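S.K.: Sharing a structure with you now.
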Amino acid sequence: MADKVPQTLANHARFDPAYHFFIVPVFVIAWITTIVELVRHPGLWNAWMIVVATAAAVAVVKIRTYALKVQDRVIRLEERLRLAILSPQALGTKIPTLTESQLVGLRFASDGEVVSLAERSLAQNLSRADIKKAVQHWRPDYWRV
């Protein structure tokens, strides 16, 4: 098995080929095709096909969104636990005030910098993107899809 490329801010976003390069394009093409058919052959059936294609596309997007939300919830739990273990007691009481977005951003920070970055996130209300940019020693997350 080939070694994984070290993850950084520049390359951490991932594509799921089956979803991004097959399912999404198929639904986009199907939706456009149903619109073309309605324009070429107006009728109740072709109008209904637009509704069906739209519903199917929305379902695919929602299913993907649900999976990402579950991953974010697990990340939130993992990061709260990691911060509780690594941080001094003073920060421990502030951990619940970190937003889900901040916790998701902190997952990339190494154990050596996560506490100071969490404190900075609280003090400066850093966004997920700002937190990722501030990470000096990237901790890869190869499981996220």
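Naming scheme: A, B, ... for chains in displayed order of the structure tokens; residues 1 onward per chain; ligands 1 onward as shown.
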Would you pick out the contacts of Phe15 in chain A at 12 Å or less, using only C-alpha atoms, so that residues sharing its chain but fewer than 4 positions from it are not included, and give the list as a list of chain:residue names?

M.R.: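 After dropping sequence-adjacent residues, the list is A:Asn11, A:Tyr19, A:His20, A:Phe21, A:Phe22, A:Val24, A:Tyr142, A:Trp143, A:Arg144, A:Val145.
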
S.K.: Taking only residues of range 49-95 of chain A that have an atom at most 10 Å from an atom of range 117-140 of chain A, what is each one's shortest atom pair and its distance in Å to one decimal, using only C-alpha atoms, in chain and number order, as a tab-separated table?

M.R.:
```
residue	atom	partner	partner_atom	distance
A:Leu83	CA	A:Ala118	CA	8.3
A:Ser87	CA	A:Ala118	CA	9.4
A:Leu91	CA	A:Glu119	CA	7.3
A:Lys94	CA	A:Leu122	CA	8.2
A:Ile95	CA	A:Ala118	CA	8.2
```

S.K.: Compile the contact shell of Trp48 in chain A as a VMD selection string: residues with an atom at most 12 Å away, counting only C-alpha atoms, same-chain residues fewer than 5 positions apart removed.

M.R.: chain A and resid 31 34 to 35 37 to 38 42 to 43 53 to 55

S.K.: Using DSSP on the backbone, list every residue of chain A that comes out as helix (DSSP H, G or I), and give them as number ranges by chain.

M.R.: A: 17-40, 44-86, 89-92, 95-97, 100-106, 111-124, 128-134
